[in-house]
Each structure stands twice: as C-alpha cells, then as structure tokens.
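Colleague: Let me begin by handing over the structure; questions about it come next.
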Amino acid sequence: MKLVITILLLFNTFLFGQDSKTFNIEMLNERNYPMKIDTNGVYHITISDKQQSIFKMKGITNDNAGYHRMTWKTKNKYSWSDGMATDYYPVVNPASYTKGGVGYSMIGFLPEMKGKTIVIYGMYYDLVDSVVVSVE
C-alpha cells in the first residue's frame, strides 16, 4: 500500500509539477537620492532633512498570469508628530497587486528617521523577503 501511495505522489508531481513560486524584493530609487548597496545587501540612503523622501519597493514573482496580492510591512512601528499630535506612520504602503509577475509599493522616509535601520518585509502567499535600509 505504501508503494502505491509513493508511486501516485511521484506521478502527481511529475504530471503537475511542483509548486515553484519564487519571490524577491528590491528597493528602487526613482528620484535619485544618494543610495548604495553594500556587500551585505544593506541599502544605504541619504534622505532630505526637511521633507519626506520617497522610494519604491518592487516585488518580483515567477507568476505572470493574473493579479496576485502582495503585502508589505516594517519590522518596527514608527510614529509621526506635528508637535500637537502623534500618530502611527506606516513607512510602506501595506498592499499591492502584481501585473506580469511584478508588484510595487511606495515607501516614505521622514527626516526623523535619520540614523535608524529599517527592515522592510514583502510577503507573497507564504513567501517572505526583506531588505535592510540604513537611513543616513
């Protein structure tokens, strides 16, 4: 009986293939802020002293068919204050959808984030990738 089940599983894998989803993320610098990636893959960015600095996250899958949801978050929570009120500040937009196997999300770094290291996670189905950003 075990032999029959093993043969059926192998046949099923051969016939339908294995689930071969892949996913990786990267940060794009479309506004030409000073940015470099070191040998450890850490992004080093220099942001504005006066206003929010905008970057873009790119999630790449191997699934070009249809539209698929990606979610995004940071390792830590951040807050923003105008001097009168303080509120949660989502550094990265929390969701996006793929088209042609690629999805994008915007990121905004505030001047108050200088000197911090921010970890950004992208999630696609059960796959997770991350980038580390040193804000200078």
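Just so we're on the same page: first chain in the structure tokens is A, next is B, and so on; residues restart at 1 for each chain, and ligands are numbered from 1 in the order they show up.
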Need to verify the contact set: Thr46 (chain A), 7 Å, only C-alpha atoms, exclusion of same-chain residues closer than 2 positions in sequence. Can you return it as a PDB file with C-alpha atoms, in the first residue's frame?

Modeller:
ATOM      1  CA  TYR A  33      18.568  60.261  -3.770  1.00  0.00           C
ATOM      2  CA  PRO A  34      22.101  59.184  -2.831  1.00  0.00           C
ATOM      3  CA  MET A  35      21.885  55.399  -2.461  1.00  0.00           C
ATOM      4  CA  HIS A  44      22.357  52.987   2.494  1.00  0.00           C
ATOM      5  CA  VAL A 135      18.834  55.838   6.727  1.00  0.00           C
ATOM      6  CA  GLU A 136      21.541  58.493   6.737  1.00  0.00           C
TER       7      GLU A 136
END

Colleague: If you run DSSP on the backbone here, which positions in region 3-108 of chain A get strand (DSSP E)? Please write them as number ranges by chain.

Modeller: A: 23-28, 35-37, 43-45, 53-61, 69-74, 78-81, 86-89, 95-97, 102-108

Colleague: Out of chain A, which residues get alpha helix (DSSP H) from DSSP, as a ChimeraX atom specification?

Modeller: /A:2-16

Colleague: Neighbouring residues of region 92-101 of chain A were defined as those with any atom within 10 Å, considering only C-alpha atoms; residues of the same chain fewer than 4 positions away were excluded. Please report them as a VMD selection string.

Modeller: chain A and resid 23 54 to 74 105 to 109 120 to 124

Colleague: Mind pulling up the distance from CA of Thr39 (chain A) to CA of Leu110 (chain A)?

Modeller: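 So the answer is 25.6 Å.
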
Colleague: Find the spatial neighbours of Gln51 (chain A), counting only C-alpha atoms, within a cut-off of 7 Å - ignore same-chain residues fewer than 2 positions away - and output them as a compact mmCIF listing (two decimals) with N, CA and C atoms, in the first residue's frame.

Modeller:
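As a result, part_12.txt now contains:
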# COMPACT_ATOMS: atom_id res chain seq x y z
N SER A 48 16.27 63.58 2.68
CA SER A 48 16.11 65.02 2.88
C SER A 48 16.03 65.35 4.37
N ASP A 49 16.58 66.50 4.75
CA ASP A 49 16.50 66.99 6.13
C ASP A 49 15.16 67.67 6.41
N SER A 53 11.14 61.60 2.04
CA SER A 53 11.88 61.11 0.87
C SER A 53 11.21 59.83 0.39
N LEU A 110 10.84 59.70 6.69
CA LEU A 110 10.77 61.04 7.27
C LEU A 110 12.14 61.48 7.76
N PRO A 111 12.40 62.79 7.80
CA PRO A 111 13.69 63.28 8.31
C PRO A 111 14.02 62.74 9.71

Colleague: Env of Ser134 (chain A): 10 Å cut, atoms = only C-alpha atoms, seq-sep filter 6 positions within chain, self excluded. Answer as a PyMOL selection string.

Modeller: chain A and resi 35+37+42-46+113-119
